[in-house]
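Q: Sharing work-v6.txt below, compact mmCIF, C-alpha atoms:
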# COMPACT_ATOMS: atom_id res chain seq x y z
CA MET U 1 -9.12 -10.09 52.99
CA ALA U 2 -11.82 -8.01 54.71
CA GLU U 3 -13.56 -5.46 52.52
CA THR U 4 -13.34 -1.82 53.53
CA LYS U 5 -16.72 -0.54 54.69
CA GLY U 6 -18.03 2.95 55.32
CA THR U 7 -21.25 4.87 55.78
CA ILE U 8 -22.88 7.07 53.15
CA PHE U 9 -26.16 8.96 53.03
CA ARG U 10 -26.64 9.57 49.34
CA ILE U 11 -25.42 8.71 45.85
CA ARG U 12 -26.43 11.37 43.35
CA ARG U 13 -26.14 10.58 39.66
CA PHE U 14 -25.91 13.08 36.81
CA SER U 15 -24.43 15.75 39.07
CA ILE U 16 -23.12 18.79 37.21
CA HIS U 17 -22.09 21.00 40.14
CA ASP U 18 -19.47 18.85 41.90
CA GLY U 19 -16.61 19.10 39.44
CA PRO U 20 -16.19 19.00 35.65
CA GLY U 21 -18.58 17.14 33.38
CA ILE U 22 -21.30 14.73 34.40
CA ARG U 23 -20.43 13.15 37.73
CA THR U 24 -21.63 10.69 40.31
CA SER U 25 -21.43 12.28 43.74
CA VAL U 26 -21.12 10.01 46.77
CA PHE U 27 -22.01 11.65 50.10
CA LEU U 28 -20.12 10.20 53.06
CA LYS U 29 -21.37 10.46 56.64
CA GLY U 30 -19.39 12.07 59.41
CA CYS U 31 -17.90 15.55 59.73
CA PRO U 32 -15.62 17.09 62.40
CA LEU U 33 -17.03 20.58 61.80
CA ARG U 34 -20.32 21.88 63.16
CA CYS U 35 -21.14 24.66 60.73
CA SER U 36 -24.10 26.69 61.97
CA TRP U 37 -25.59 26.71 58.47
CA CYS U 38 -24.96 23.06 57.54
CA HIS U 39 -27.40 22.12 54.78
CA SER U 40 -26.95 18.35 55.29
CA PRO U 41 -27.30 17.70 59.03
CA GLU U 42 -27.85 14.01 58.29
CA GLY U 43 -24.23 13.92 57.13
CA ILE U 44 -22.69 15.32 60.31
CA ASP U 45 -23.00 12.23 62.51
CA ALA U 46 -21.10 9.18 61.28
CA GLN U 47 -23.71 6.98 62.97
CA ILE U 48 -26.85 5.96 61.09
CA SER U 49 -30.19 6.99 62.58
CA VAL U 50 -33.85 7.16 61.53
CA TRP U 51 -35.75 10.20 60.37
CA HIS U 52 -39.29 11.04 59.35
CA THR U 53 -40.58 13.04 56.37
CA PRO U 54 -43.96 14.57 57.30
CA GLY U 55 -44.78 15.44 53.69
CA LEU U 56 -44.76 11.75 52.75
CA CYS U 57 -46.55 10.48 55.85
CA ILE U 58 -50.12 9.17 55.38
CA SER U 59 -50.69 8.77 59.14
CA CYS U 60 -51.33 5.03 58.88
CA LYS U 61 -49.47 4.48 62.18
CA ARG U 62 -47.96 1.21 61.01
CA CYS U 63 -44.56 2.39 62.16
CA LEU U 64 -45.87 2.88 65.70
CA THR U 65 -47.13 -0.70 65.79
CA ALA U 66 -43.85 -2.04 64.38
CA CYS U 67 -41.74 -0.30 67.04
CA HIS U 68 -41.57 -2.65 70.03
CA ASN U 69 -39.60 -0.11 72.08
CA GLU U 70 -42.37 2.52 71.95
CA ALA U 71 -39.89 5.02 70.52
CA LEU U 72 -42.47 6.54 68.17
CA LYS U 73 -45.60 8.58 68.72
CA MET U 74 -47.90 10.56 66.46
CA SER U 75 -48.41 14.27 67.06
CA SER U 76 -50.19 16.72 64.75
CA GLY U 77 -49.75 14.44 61.75
CA SER U 78 -46.04 13.93 62.32
CA VAL U 79 -44.15 11.04 63.88
CA LEU U 80 -41.97 12.00 66.81
CA ILE U 81 -38.92 9.82 67.51
CA ASP U 82 -37.62 9.24 71.02
CA ARG U 83 -34.01 8.61 70.09
CA ALA U 84 -33.13 7.41 73.58
CA LYS U 85 -35.49 4.45 73.04
CA CYS U 86 -34.77 3.84 69.35
CA THR U 87 -32.56 0.78 68.77
CA LEU U 88 -32.48 1.13 64.95
CA THR U 89 -34.01 -2.26 64.23
CA GLY U 90 -35.54 -0.75 61.10
CA GLY U 91 -38.99 -2.20 61.64
CA CYS U 92 -40.59 1.21 61.12
CA THR U 93 -38.83 1.73 57.80
CA GLU U 94 -39.85 -1.71 56.56
CA VAL U 95 -43.59 -1.28 57.16
CA CYS U 96 -43.93 2.35 56.04
CA PRO U 97 -45.85 2.20 52.71
CA ALA U 98 -45.08 5.82 51.82
CA GLY U 99 -41.35 5.88 52.55
CA ALA U 100 -41.79 8.51 55.24
CA MET U 101 -39.66 6.56 57.73
CA GLN U 102 -36.10 6.12 56.48
CA PHE U 103 -32.58 5.51 57.67
CA THR U 104 -30.28 8.53 57.38
CA GLY U 105 -27.63 6.43 55.67
CA ARG U 106 -26.32 2.94 55.07
CA THR U 107 -23.21 0.89 55.51
CA ILE U 108 -21.62 -0.11 52.22
CA THR U 109 -18.31 -1.46 50.96
CA ALA U 110 -15.93 0.48 48.75
CA GLN U 111 -16.42 -2.17 46.06
CA GLU U 112 -20.19 -1.66 46.16
CA VAL U 113 -19.75 2.10 45.76
CA PHE U 114 -17.41 1.53 42.85
CA ARG U 115 -19.91 -0.75 41.13
CA GLU U 116 -22.55 1.98 41.40
CA VAL U 117 -20.19 4.64 40.07
CA ARG U 118 -19.08 2.44 37.18
CA LYS U 119 -22.66 2.14 35.88
CA ASP U 120 -22.39 5.67 34.46
CA ILE U 121 -18.91 5.34 32.98
CA ALA U 122 -20.17 6.11 29.46
CA PHE U 123 -21.29 9.58 30.59
CA TYR U 124 -17.93 10.35 32.16
CA GLY U 125 -16.04 9.72 28.94
CA THR U 126 -18.23 11.94 26.77
CA SER U 127 -18.49 14.83 29.27
CA GLY U 128 -15.14 14.74 31.04
CA GLY U 129 -16.87 13.80 34.30
CA GLY U 130 -16.27 11.17 36.94
CA LEU U 131 -16.60 10.50 40.65
CA THR U 132 -16.79 13.12 43.39
CA LEU U 133 -16.60 12.18 47.07
CA THR U 134 -18.36 14.72 49.23
CA GLY U 135 -20.30 14.68 52.48
CA GLY U 136 -20.19 15.09 55.33
CA GLU U 137 -16.45 15.05 55.04
CA PRO U 138 -14.58 12.48 52.92
CA LEU U 139 -11.43 12.89 55.02
CA PHE U 140 -13.42 11.71 58.06
CA GLN U 141 -13.44 8.16 56.62
CA PRO U 142 -9.95 8.09 55.10
CA GLU U 143 -9.45 4.38 54.38
CA PHE U 144 -12.91 4.04 52.87
CA SER U 145 -12.46 7.16 50.73
CA LEU U 146 -9.00 6.11 49.61
CA GLU U 147 -10.15 2.70 48.40
CA ILE U 148 -13.05 4.16 46.42
CA LEU U 149 -10.75 6.68 44.76
CA GLU U 150 -8.14 4.06 43.91
CA LEU U 151 -10.73 1.68 42.43
CA CYS U 152 -12.08 4.45 40.22
CA ARG U 153 -8.66 5.62 39.08
CA LYS U 154 -7.69 2.08 38.09
CA ALA U 155 -10.85 1.99 35.96
CA GLY U 156 -9.93 5.26 34.24
CA ILE U 157 -12.62 7.29 36.04
CA HIS U 158 -11.72 10.88 36.93
CA THR U 159 -11.68 11.39 40.70
CA ALA U 160 -12.43 14.45 42.82
CA ILE U 161 -13.14 15.16 46.46
CA GLU U 162 -15.06 18.06 47.94
CA THR U 163 -13.63 18.70 51.37
CA SER U 164 -13.21 21.24 54.16
CA LEU U 165 -9.59 20.01 54.45
CA PHE U 166 -10.02 19.67 58.20
CA ALA U 167 -7.82 16.64 58.88
CA ASP U 168 -4.30 15.74 59.89
CA LEU U 169 -1.75 16.45 57.18
CA ASP U 170 -0.92 12.77 56.60
CA VAL U 171 -4.61 12.02 55.92
CA ALA U 172 -4.96 14.92 53.49
CA GLU U 173 -1.75 13.91 51.73
CA LYS U 174 -2.72 10.25 51.39
CA ILE U 175 -6.21 10.83 50.04
CA SER U 176 -5.21 13.71 47.77
CA SER U 177 -2.72 11.42 46.07
CA ALA U 178 -5.65 9.40 44.70
CA ALA U 179 -7.82 12.40 43.80
CA GLU U 180 -7.18 14.26 40.58
CA LEU U 181 -9.09 17.35 41.75
CA ILE U 182 -9.53 18.83 45.23
CA ILE U 183 -12.54 21.11 45.70
CA ALA U 184 -11.71 22.97 48.91
CA ASP U 185 -14.63 24.50 50.79
CA LEU U 186 -12.96 27.45 52.51
CA LYS U 187 -15.67 29.06 54.57
CA ILE U 188 -14.24 31.73 56.83
CA PHE U 189 -10.70 33.11 56.79
CA ASP U 190 -10.65 34.81 60.19
CA PRO U 191 -9.56 32.10 62.71
CA GLN U 192 -11.76 33.30 65.57
CA GLU U 193 -14.88 33.62 63.43
CA HIS U 194 -14.15 30.22 61.89
CA GLU U 195 -14.14 28.63 65.33
CA THR U 196 -17.28 30.52 66.34
CA TYR U 197 -19.33 29.30 63.39
CA THR U 198 -17.81 25.85 62.74
CA GLY U 199 -16.59 24.78 66.17
CA GLN U 200 -13.00 24.33 64.98
CA SER U 201 -9.96 26.44 64.20
CA ASN U 202 -8.99 26.73 60.53
CA GLU U 203 -5.28 26.18 61.21
CA LYS U 204 -5.29 22.62 59.83
CA ILE U 205 -7.37 23.73 56.86
CA THR U 206 -5.05 26.52 55.74
CA GLY U 207 -1.98 24.36 56.36
CA ASN U 208 -3.34 21.50 54.25
CA PHE U 209 -4.37 23.88 51.49
CA LEU U 210 -0.90 25.40 51.18
CA PHE U 211 0.70 21.95 51.23
CA LEU U 212 -1.56 20.71 48.41
CA ALA U 213 -1.01 23.88 46.42
CA GLU U 214 2.75 23.33 46.60
CA THR U 215 2.39 19.80 45.23
CA GLY U 216 0.79 21.13 42.05
CA LYS U 217 -2.47 19.30 42.74
CA ALA U 218 -5.47 20.63 40.81
CA LEU U 219 -7.42 22.79 43.25
CA THR U 220 -10.65 24.77 43.21
CA VAL U 221 -11.79 26.92 46.12
CA ARG U 222 -15.47 27.23 46.96
CA ILE U 223 -16.97 29.75 49.36
CA PRO U 224 -20.56 29.09 50.51
CA LEU U 225 -22.36 32.44 50.67
CA ILE U 226 -23.88 32.70 54.14
CA PRO U 227 -25.55 36.10 54.64
CA GLY U 228 -23.58 38.35 56.97
CA ILE U 229 -20.95 35.70 57.72
CA THR U 230 -19.10 34.32 54.71
CA ASP U 231 -20.52 36.60 52.02
CA THR U 232 -18.83 39.76 53.26
CA ALA U 233 -16.37 41.48 50.93
CA GLU U 234 -13.75 41.25 53.66
CA ASN U 235 -14.05 37.46 53.95
CA ILE U 236 -14.26 36.78 50.21
CA ASN U 237 -11.27 39.03 49.51
CA ALA U 238 -9.25 37.42 52.31
CA ILE U 239 -9.89 33.88 51.03
CA SER U 240 -9.18 34.92 47.44
CA ALA U 241 -5.91 36.55 48.49
CA PHE U 242 -4.98 33.46 50.48
CA ALA U 243 -5.61 31.21 47.47
CA GLY U 244 -3.55 33.57 45.33
CA SER U 245 -0.69 33.50 47.82
CA ALA U 246 0.05 29.93 46.75
CA GLY U 247 1.61 31.35 43.61
CA ARG U 248 -0.82 29.60 41.26
CA ASN U 249 -3.99 30.53 39.44
CA ILE U 250 -6.45 28.67 41.67
CA PRO U 251 -10.12 29.27 40.76
CA VAL U 252 -12.39 30.68 43.48
CA GLU U 253 -16.11 29.95 43.15
CA LEU U 254 -18.96 31.52 45.13
CA ILE U 255 -21.71 29.05 46.01
CA GLU U 256 -25.24 30.18 46.84
CA TYR U 257 -26.65 28.71 50.04
CA ASN U 258 -29.70 26.43 49.81
CA PRO U 259 -32.30 27.67 52.37
CA LEU U 260 -34.24 24.39 52.16
CA ALA U 261 -31.85 22.95 54.77
CA ALA U 262 -34.45 23.58 57.47
CA ASN U 263 -36.50 20.65 56.12
CA ASN U 264 -33.73 18.20 56.97
CA TYR U 265 -33.49 19.51 60.53
CA ARG U 266 -37.22 18.95 60.96
CA ARG U 267 -36.89 15.40 59.61
CA LEU U 268 -34.24 14.70 62.24
CA GLY U 269 -36.27 16.35 64.97
CA ILE U 270 -33.48 18.76 65.91
CA PRO U 271 -33.75 22.55 66.11
CA PHE U 272 -32.67 24.73 63.21
CA GLN U 273 -31.66 28.15 64.52
CA PRO U 274 -31.50 30.47 61.52
CA ASP U 275 -31.50 33.58 63.69
CA ARG U 276 -27.97 32.70 64.76
CA VAL U 277 -26.85 32.59 61.15
CA PHE U 278 -29.19 34.59 58.95
CA ASN U 279 -31.21 37.73 58.97
CA LYS U 280 -34.87 36.74 58.77
CA ASP U 281 -35.21 38.72 55.53
CA ASN U 282 -32.78 36.32 53.88
CA LEU U 283 -34.79 33.16 54.63
Starting from the coordinates I provided, produce the structure as structure tokens.

A:
Amino acid sequence: MAETKGTIFRIRRFSIHDGPGIRTSVFLKGCPLRCSWCHSPEGIDAQISVWHTPGLCISCKRCLTACHNEALKMSSGSVLIDRAKCTLTGGCTEVCPAGAMQFTGRTITAQEVFREVRKDIAFYGTSGGGLTLTGGEPLFQPEFSLEILELCRKAGIHTAIETSLFADLDVAEKISSAAELIIADLKIFDPQEHETYTGQSNEKITGNFLFLAETGKALTVRIPLIPGITDTAENINAISAFAGSAGRNIPVELIEYNPLAANNYRRLGIPFQPDRVFNKDNL
């Protein structure tokens, strides 16, 4: 039987902000939303690419020599990547002595993820923690996410997913059945503004949320505080009222935005346009 494979870009141990207790957070690649403020641009594309960290680079130029497609060049102490020429052979990452050239993710099986998560099982028991699938968007790789969750549940590990809930209802229903906690990132309540800033309507999101609330599933709402967009009293009150309309006491948490996201855009060589999202005084 073929093993289920997926792509991830990070496994973070001893996480205390992605659900109760001490947790291992697994970040899956791929997301259907295009949030203007996304703090993990390396998680948006499901495909693996290469990026460069200027702060680690020692300008040895070994990566340039290793690239037979001439996809790399040095400019002002930073390596520029011509992604049209890059074939992802990985030669540049192998020869870089400082770790400045890296892949943005890796392909891994659900069993391999489970084995990594299981290493910290002693911490979960004493703290009430467990596994959290985040991203990216866990619902973007449904079969992969489902198998990881089921493996952990069979081992007695608490399971949670952090999700935008942007998916077809059958996907949300299937994966939620294996997750003991759903952390729903509800960003913008107004449908038009949601589409403006994320590229998608929130119709699927609100529908999935109400469905899950009716099932009695443990839910927590999180609102990322983006200056002038999501942090307005109108938006926060609207999302809080929506969560309350489910007829249950569903917690609503406000999450401060991490302004260091710009570094990841630079590593990918793509523009970060804060003026579209933030006032300059807030950066």

Q: Please report, as CSV, each residue of stretch 134-211 of chain U lying at most 10 Å from stretch 225-229 of chain U, together with the nearest pair of atoms and the separation in Å rounded to one decimal; use only C-alpha atoms, and order rows by chain and ascending residue number.

A:
residue,atom,partner,partner_atom,distance
U:Lys187,CA,U:Leu225,CA,8.4
U:Ile188,CA,U:Ile229,CA,7.8
U:Glu193,CA,U:Ile229,CA,8.6
U:His194,CA,U:Ile229,CA,9.7
U:Tyr197,CA,U:Ile229,CA,8.7

Q: Report as a list of chain:residue names all protein, DNA and RNA residues lying within 8 Å of U:Leu28, evaluated on all atoms listed in the file, omitting residues in the same chain fewer than 5 positions from it.

A: U:Gly6, U:Thr7, U:Ile8, U:Phe9, U:Arg10, U:Gly43, U:Leu133, U:Thr134, U:Gly135, U:Gly136, U:Glu137, U:Pro138, U:Gln141

Q: From the list U:Ser245, U:Thr196, U:Leu254, U:Val221, which residue is nearest U:Leu33 when using all atoms listed in the file?

A: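 Among the listed residues, U:Thr196 lies closest to U:Leu33.
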
Q: Report as a PyMOL selection string all protein, DNA and RNA residues lying within 8 Å of U:Ile223, evaluated on all atoms listed in the file, omitting residues in the same chain fewer than 4 positions from it.

A: chain U and resi 185-187+230+236+252-255

Q: Find the distance between atom CA of U:Thr232 and atom CA of U:Glu203 and write it in Å to one decimal.

A: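 Computed distance, atom CA of U:Thr232 to atom CA of U:Glu203, equals 20.8 Å.
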
Q: Skipping near chain neighbours, those fewer than 2 positions away, what residues fall within 6 Å of stretch 124-128 of chain U using all atoms listed in the file, listed as a list of chain:residue names?

A: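 The residues that qualify are U:Gly21, U:Ile22, U:Ile121, U:Ala122, U:Gly130.
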
Q: Can you measure atom CA of U:Ala233 to atom CA of U:Tyr265 for me? One decimal in Å is fine.

A: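 Distance between the two atoms: 29.5 Å.
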
Q: So that all listed atoms of stretch 99-105 of chain U fit with 4 Å spare on each side, what axis-aligned box centre and edge lengths in Å, to one decimal, would you give as JSON?

A:
{"center_x": -34.7, "center_y": 7.0, "center_z": 55.1, "size_x": 22.2, "size_y": 11.0, "size_z": 13.2}

Q: Closest to U:Asn258 among U:Lys73, U:Arg106, U:Pro224, U:Arg12, using only C-alpha atoms?

A: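 Among the listed residues, U:Pro224 lies closest to U:Asn258.
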
Q: Hey, can you check how far atom CA of U:Thr132 sits from atom CA of U:Tyr257?

A: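 So the two atoms, atom CA of U:Thr132 and atom CA of U:Tyr257, lie 19.6 Å apart.
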
Q: So which one's closest to U:Ala238, U:Gly156, U:Leu219, U:Val26, U:Pro191? Using all atoms listed in the file, please.

A: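 When distances to U:Ala238 are compared using all atoms listed in the file, the smallest one comes from U:Pro191.
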
Q: Have a look at U:Arg115, U:Arg222, U:His68, U:Lys217 and name the one nearest to U:Ala184; count all atoms listed in the file.

A: U:Arg222

Q: From the options U:Leu151, U:Ala178, U:Leu80, U:Cys31, which residue's atoms come nearest to U:Leu165, counting only C-alpha atoms?

A: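 Smallest distance to U:Leu165 is found for U:Cys31.
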
Q: Which one is closest to U:Ala160: U:Thr87, U:Gln200, U:Ser76, U:Ser25? Count only C-alpha atoms.

A: U:Ser25

Q: Within 10 Å of (-40.9, 5.8, 61.6) in the file's own coordinates, which protein, DNA or RNA residues have an atom, counting only C-alpha atoms? List them as a PyMOL selection string.

A: chain U and resi 50-53+57+61-67+71-74+78-81+90-96+99-103

Q: Write out as a count of residues only each polymer residue whose atoms come within 8 Å of U:His39, counting all atoms listed in the file; drop sequence neighbours fewer than 4 positions from it.

A: 6

Q: Show which residues sit within 8 Å of U:Ile148, as a CSV table (one decimal) with C-alpha atoms, in the coordinates of the input. Count all atoms listed in the file, and ignore same-chain residues fewer than 4 positions away.

A:
chain,number,residue,atom,x,y,z
U,110,ALA,CA,-15.9,0.5,48.8
U,111,GLN,CA,-16.4,-2.2,46.1
U,113,VAL,CA,-19.8,2.1,45.8
U,114,PHE,CA,-17.4,1.5,42.8
U,144,PHE,CA,-12.9,4.0,52.9
U,152,CYS,CA,-12.1,4.4,40.2
